[in-house]
Amino acid sequence: MSRYLLKSKLCWRAFRAEEQALKTYYHGQQSLLDLDVERVPMLAIDLEMTGLDAQFDQILSIGIVPIEEGRLILSKAEHKLVKIEGSVGQSATIHGILDHHLNRAVSPEEAMSWFLERCQGQMLVAHHSPLDLAFLQKGLSTHFRQGVTLMAIDTLAIEKRRLMRQHEVLKEGALRLGASRARYGLPVYAAHNALIDAIACGELLLAQISAIGQGERVKLTELLA
């Protein structure tokens with residue numbers, strides 16, 4: 001999608017937004033589209049959920065880590081547990097979050113306010129971003145009582161495009177976060193912790209940008225294609 005079309009969409013969303021926080025978010029995204037990637041403040045994110053269907057499942061935790069001038073700012077990394085209705089059920093076998101862990105969790109409303117505040121002036125980064133964004137957009141839309149559309153760089157989509165350009169055969173699992181990191185010589189991390197996966201995603205993006213640019217500047221819109 002062209003930079004001008006993206007800007008038009010963001011301008012329209014800002015006009016339609018009823019909450020000032022949403023207007024500020026959309027305007028902030030517009031201003032990022034003209035920048036080279038190394039100048040774009042980013043926020044790598046990851047979620048753990050009770051399932052994969054944003055219409056029925058719930059967010060359990062959110063991990064975020066800022067990326068500034070090509071560096072992950074670990075001192076500003078944050079992780080929030082989020083209260084849910086009912087039990088985590090069998091999903092605990094994947095993420096390890098148990099019902100009693102949520103005793104110290106924030107409410108979904110608090111989580112959404114916190115998340116949108118951290119998003120201001122930042123470009124989101126996620127691995128398989130449509131999944132995470134679906135949950136976040138639902139949560140934000142419920143909180144603000146109007147539709148919310150987020151934008152993100154998708155490291156999975158970037159990796160898929162790179163492999164296809166190289167005429168690689170995409171084997172099952174080849175685009176998972178760990179497999180994608182391995183192609184850049186990045187270390188193995190324990191999976192299914194929102195903060196660790198957010199850090200892993202951020203590191204992967206920096207490696208991808210280096211490989212794509214090969215010493216040349218990379219425009220943000222190249223990664224959003």
# chains A, B, ... in the order shown; residues from 1 in each chain; ligands from 1
call {"tool": "residues_around", "arguments": {"residues": "range 22-28 of chain A", "least_positions_apart": "5", "cutoff": "9 Å", "atoms": "only C-alpha atoms", "output": "VMD selection string"}}
result
chain A and resid 7 10 to 17 116 to 117 119 to 122 144 148 150
call {"tool": "residues_around", "arguments": {"residues": "range 68-77 of chain A", "least_positions_apart": "6", "cutoff": "12 Å", "atoms": "only C-alpha atoms", "output": "NGL selection string"}}
result
:A and (35-46 or 62 or 118 or 121-123 or 194-210)
call {"tool": "select_by_dssp", "arguments": {"residues": "range 25-80 of chain A", "states": "strand (DSSP E or B)", "output": "short mmCIF file (atom, residue, chain, number, x, y, z; two decimals) with N, CA and C atoms, in the first residue's frame"}}
result
data_model
loop_
_atom_site.label_atom_id
_atom_site.label_comp_id
_atom_site.auth_asym_id
_atom_site.auth_seq_id
_atom_site.Cartn_x
_atom_site.Cartn_y
_atom_site.Cartn_z
N ASP A 36 12.87 7.12 7.46
CA ASP A 36 13.65 5.90 7.30
C ASP A 36 13.46 5.06 8.56
N MET A 42 9.77 2.34 17.59
CA MET A 42 8.94 1.15 17.43
C MET A 42 8.66 0.51 18.78
N LEU A 43 7.64 -0.35 18.77
CA LEU A 43 7.27 -1.09 19.97
C LEU A 43 6.99 -2.53 19.57
N ALA A 44 7.93 -3.42 19.89
CA ALA A 44 7.71 -4.85 19.62
C ALA A 44 6.75 -5.39 20.67
N ILE A 45 5.78 -6.17 20.21
CA ILE A 45 4.72 -6.64 21.12
C ILE A 45 4.49 -8.14 20.93
N ASP A 46 3.92 -8.75 21.97
CA ASP A 46 3.44 -10.13 21.87
C ASP A 46 2.36 -10.33 22.91
N LEU A 47 1.43 -11.20 22.60
CA LEU A 47 0.34 -11.52 23.52
C LEU A 47 0.32 -13.01 23.82
N GLU A 48 -0.20 -13.34 24.98
CA GLU A 48 -0.63 -14.71 25.26
C GLU A 48 -2.14 -14.65 25.45
N MET A 49 -2.84 -15.63 24.86
CA MET A 49 -4.29 -15.63 24.88
C MET A 49 -4.82 -16.99 25.32
N ILE A 59 -7.35 -12.06 26.04
CA ILE A 59 -5.93 -11.76 26.26
C ILE A 59 -5.56 -12.08 27.71
N LEU A 60 -4.47 -12.81 27.88
CA LEU A 60 -3.96 -13.14 29.21
C LEU A 60 -2.77 -12.28 29.62
N SER A 61 -1.93 -11.94 28.65
CA SER A 61 -0.77 -11.13 28.98
C SER A 61 -0.30 -10.38 27.74
N ILE A 62 0.35 -9.25 27.98
CA ILE A 62 0.90 -8.41 26.91
C ILE A 62 2.35 -8.08 27.28
N GLY A 63 3.26 -8.33 26.34
CA GLY A 63 4.65 -7.96 26.52
C GLY A 63 5.04 -6.92 25.49
N ILE A 64 5.77 -5.90 25.91
CA ILE A 64 6.21 -4.85 24.99
C ILE A 64 7.67 -4.49 25.25
N VAL A 65 8.39 -4.12 24.20
CA VAL A 65 9.75 -3.61 24.34
C VAL A 65 9.99 -2.56 23.26
N PRO A 66 10.39 -1.34 23.64
CA PRO A 66 10.65 -0.29 22.65
C PRO A 66 11.92 -0.57 21.85
N ILE A 67 11.92 -0.07 20.61
CA ILE A 67 13.10 -0.12 19.75
C ILE A 67 13.40 1.32 19.34
N GLU A 68 14.58 1.79 19.69
CA GLU A 68 14.97 3.17 19.37
C GLU A 68 16.33 3.17 18.69
N ARG A 71 18.08 -0.18 18.41
CA ARG A 71 18.41 -0.88 19.64
C ARG A 71 17.15 -1.19 20.43
N LEU A 72 17.10 -2.39 21.01
CA LEU A 72 16.03 -2.71 21.93
C LEU A 72 16.33 -2.07 23.28
N GLU A 78 8.12 -3.98 29.29
CA GLU A 78 7.06 -4.16 30.28
C GLU A 78 6.24 -5.40 29.96
N HIS A 79 5.63 -5.95 31.01
CA HIS A 79 4.80 -7.14 30.86
C HIS A 79 3.60 -7.00 31.78
N LYS A 80 2.41 -7.18 31.22
CA LYS A 80 1.18 -7.06 32.01
C LYS A 80 0.39 -8.36 31.92
#
call {"tool": "select_by_dssp", "arguments": {"residues": "range 34-201 of chain A", "states": "helix (DSSP H, G or I)", "output": "VMD selection string"}}
result
chain A and resid 37 to 39 74 to 76 89 to 95 99 to 104 108 to 119 129 to 144 155 to 165 177 to 182 194 to 201
call {"tool": "residues_around", "arguments": {"residues": "Arg162 in chain A", "least_positions_apart": "2", "cutoff": "12 Å", "atoms": "only C-alpha atoms", "output": "ChimeraX atom specification"}}
result
/A:155-160,164-170,175,180,183,208-209,211-212,223
call {"tool": "residues_around", "arguments": {"residues": "range 99-108 of chain A", "least_positions_apart": "5", "cutoff": "9 Å", "atoms": "only C-alpha atoms", "output": "NGL selection string"}}
result
:A and (59-61 or 80-84 or 86-89 or 92 or 113 or 139 or 143)
call {"tool": "residues_around", "arguments": {"residues": "Gly147 in chain A", "least_positions_apart": "6", "cutoff": "9 Å", "atoms": "only C-alpha atoms", "output": "list in words"}}
result
Ala17, Gln137, Lys138, Leu140 and Ser141 of chain A
call {"tool": "closest_residue", "arguments": {"among": "A:Ala111, A:Ile94, A:Ala152, A:Ala190", "to": "Leu131 in chain A", "atoms": "only C-alpha atoms"}}
result
A:Ala152
call {"tool": "closest_residue", "arguments": {"among": "A:Gln214, A:Asn193, A:Gln20, A:Gln29", "to": "Met151 in chain A", "atoms": "only C-alpha atoms"}}
result
A:Gln29
call {"tool": "decode", "arguments": {"residues": "range 32-125 of chain A", "atoms": "C-alpha atoms", "output": "PDB file, in the first residue's frame"}}
result
ATOM      1  CA  LEU A  32       6.098   8.064  10.970  1.00  0.00           C
ATOM      2  CA  LEU A  33       5.412   7.115   7.366  1.00  0.00           C
ATOM      3  CA  ASP A  34       7.908   9.602   5.903  1.00  0.00           C
ATOM      4  CA  LEU A  35      10.833   8.317   7.966  1.00  0.00           C
ATOM      5  CA  ASP A  36      13.650   5.899   7.302  1.00  0.00           C
ATOM      6  CA  VAL A  37      13.289   2.834   9.502  1.00  0.00           C
ATOM      7  CA  GLU A  38      16.246   3.673  11.751  1.00  0.00           C
ATOM      8  CA  ARG A  39      14.515   6.903  12.777  1.00  0.00           C
ATOM      9  CA  VAL A  40      11.154   5.301  13.548  1.00  0.00           C
ATOM     10  CA  PRO A  41      10.374   4.658  17.235  1.00  0.00           C
ATOM     11  CA  MET A  42       8.936   1.150  17.432  1.00  0.00           C
ATOM     12  CA  LEU A  43       7.270  -1.090  19.969  1.00  0.00           C
ATOM     13  CA  ALA A  44       7.708  -4.846  19.620  1.00  0.00           C
ATOM     14  CA  ILE A  45       4.725  -6.642  21.120  1.00  0.00           C
ATOM     15  CA  ASP A  46       3.444 -10.126  21.871  1.00  0.00           C
ATOM     16  CA  LEU A  47       0.337 -11.519  23.518  1.00  0.00           C
ATOM     17  CA  GLU A  48      -0.632 -14.711  25.257  1.00  0.00           C
ATOM     18  CA  MET A  49      -4.295 -15.631  24.883  1.00  0.00           C
ATOM     19  CA  THR A  50      -6.725 -18.320  25.988  1.00  0.00           C
ATOM     20  CA  GLY A  51      -7.097 -19.331  22.329  1.00  0.00           C
ATOM     21  CA  LEU A  52      -6.702 -18.104  18.775  1.00  0.00           C
ATOM     22  CA  ASP A  53     -10.181 -16.706  18.068  1.00  0.00           C
ATOM     23  CA  ALA A  54     -10.389 -13.009  18.931  1.00  0.00           C
ATOM     24  CA  GLN A  55     -14.195 -13.147  18.924  1.00  0.00           C
ATOM     25  CA  PHE A  56     -14.365 -15.691  21.745  1.00  0.00           C
ATOM     26  CA  ASP A  57     -10.958 -15.949  23.434  1.00  0.00           C
ATOM     27  CA  GLN A  58      -9.290 -13.467  25.785  1.00  0.00           C
ATOM     28  CA  ILE A  59      -5.933 -11.756  26.262  1.00  0.00           C
ATOM     29  CA  LEU A  60      -3.964 -13.141  29.212  1.00  0.00           C
ATOM     30  CA  SER A  61      -0.766 -11.128  28.975  1.00  0.00           C
ATOM     31  CA  ILE A  62       0.904  -8.412  26.914  1.00  0.00           C
ATOM     32  CA  GLY A  63       4.650  -7.962  26.517  1.00  0.00           C
ATOM     33  CA  ILE A  64       6.209  -4.850  24.987  1.00  0.00           C
ATOM     34  CA  VAL A  65       9.749  -3.613  24.342  1.00  0.00           C
ATOM     35  CA  PRO A  66      10.646  -0.287  22.654  1.00  0.00           C
ATOM     36  CA  ILE A  67      13.100  -0.116  19.754  1.00  0.00           C
ATOM     37  CA  GLU A  68      14.975   3.165  19.372  1.00  0.00           C
ATOM     38  CA  GLU A  69      17.643   3.916  16.747  1.00  0.00           C
ATOM     39  CA  GLY A  70      18.186   0.246  16.007  1.00  0.00           C
ATOM     40  CA  ARG A  71      18.409  -0.883  19.641  1.00  0.00           C
ATOM     41  CA  LEU A  72      16.025  -2.712  21.934  1.00  0.00           C
ATOM     42  CA  ILE A  73      15.551  -0.643  25.098  1.00  0.00           C
ATOM     43  CA  LEU A  74      15.240  -3.459  27.629  1.00  0.00           C
ATOM     44  CA  SER A  75      15.100  -1.014  30.542  1.00  0.00           C
ATOM     45  CA  LYS A  76      11.696   0.087  29.221  1.00  0.00           C
ATOM     46  CA  ALA A  77      10.352  -3.410  28.529  1.00  0.00           C
ATOM     47  CA  GLU A  78       7.057  -4.161  30.284  1.00  0.00           C
ATOM     48  CA  HIS A  79       4.798  -7.143  30.859  1.00  0.00           C
ATOM     49  CA  LYS A  80       1.183  -7.062  32.011  1.00  0.00           C
ATOM     50  CA  LEU A  81      -1.044  -9.921  33.103  1.00  0.00           C
ATOM     51  CA  VAL A  82      -4.712  -9.319  32.242  1.00  0.00           C
ATOM     52  CA  LYS A  83      -7.767 -10.535  34.157  1.00  0.00           C
ATOM     53  CA  ILE A  84     -10.206 -12.743  32.240  1.00  0.00           C
ATOM     54  CA  GLU A  85     -13.707 -14.054  32.697  1.00  0.00           C
ATOM     55  CA  GLY A  86     -13.664 -17.694  33.743  1.00  0.00           C
ATOM     56  CA  SER A  87     -10.627 -19.968  33.740  1.00  0.00           C
ATOM     57  CA  VAL A  88      -7.538 -20.170  31.527  1.00  0.00           C
ATOM     58  CA  GLY A  89      -8.459 -23.821  30.938  1.00  0.00           C
ATOM     59  CA  GLN A  90      -6.271 -26.035  28.772  1.00  0.00           C
ATOM     60  CA  SER A  91      -4.466 -23.023  27.288  1.00  0.00           C
ATOM     61  CA  ALA A  92      -2.255 -23.078  30.420  1.00  0.00           C
ATOM     62  CA  THR A  93      -0.359 -26.019  28.917  1.00  0.00           C
ATOM     63  CA  ILE A  94       0.963 -23.642  26.220  1.00  0.00           C
ATOM     64  CA  HIS A  95       1.719 -20.388  28.047  1.00  0.00           C
ATOM     65  CA  GLY A  96       2.061 -21.601  31.650  1.00  0.00           C
ATOM     66  CA  ILE A  97      -0.232 -18.900  33.040  1.00  0.00           C
ATOM     67  CA  LEU A  98      -2.466 -20.375  35.744  1.00  0.00           C
ATOM     68  CA  ASP A  99      -5.657 -18.962  37.220  1.00  0.00           C
ATOM     69  CA  HIS A 100      -3.964 -17.927  40.481  1.00  0.00           C
ATOM     70  CA  HIS A 101      -1.341 -15.939  38.558  1.00  0.00           C
ATOM     71  CA  LEU A 102      -4.123 -13.597  37.464  1.00  0.00           C
ATOM     72  CA  ASN A 103      -4.862 -12.557  41.052  1.00  0.00           C
ATOM     73  CA  ARG A 104      -2.369  -9.706  40.513  1.00  0.00           C
ATOM     74  CA  ALA A 105      -3.464  -8.952  36.968  1.00  0.00           C
ATOM     75  CA  VAL A 106      -4.906  -5.665  35.699  1.00  0.00           C
ATOM     76  CA  SER A 107      -8.412  -5.391  34.288  1.00  0.00           C
ATOM     77  CA  PRO A 108      -8.918  -5.463  30.495  1.00  0.00           C
ATOM     78  CA  GLU A 109      -9.868  -1.775  30.674  1.00  0.00           C
ATOM     79  CA  GLU A 110      -6.634  -0.883  32.482  1.00  0.00           C
ATOM     80  CA  ALA A 111      -4.647  -3.009  30.050  1.00  0.00           C
ATOM     81  CA  MET A 112      -6.118  -1.271  27.002  1.00  0.00           C
ATOM     82  CA  SER A 113      -5.544   2.231  28.415  1.00  0.00           C
ATOM     83  CA  TRP A 114      -1.951   1.305  29.296  1.00  0.00           C
ATOM     84  CA  PHE A 115      -1.326  -0.258  25.885  1.00  0.00           C
ATOM     85  CA  LEU A 116      -2.668   2.681  23.865  1.00  0.00           C
ATOM     86  CA  GLU A 117      -0.615   5.086  25.970  1.00  0.00           C
ATOM     87  CA  ARG A 118       2.546   3.087  25.194  1.00  0.00           C
ATOM     88  CA  CYS A 119       1.620   3.004  21.466  1.00  0.00           C
ATOM     89  CA  GLN A 120       1.601   6.769  21.040  1.00  0.00           C
ATOM     90  CA  GLY A 121       4.224   7.803  18.493  1.00  0.00           C
ATOM     91  CA  GLN A 122       5.401   4.188  18.075  1.00  0.00           C
ATOM     92  CA  MET A 123       5.123   1.772  15.159  1.00  0.00           C
ATOM     93  CA  LEU A 124       4.029  -1.636  16.411  1.00  0.00           C
ATOM     94  CA  VAL A 125       6.026  -4.738  15.502  1.00  0.00           C
TER      95      VAL A 125
END
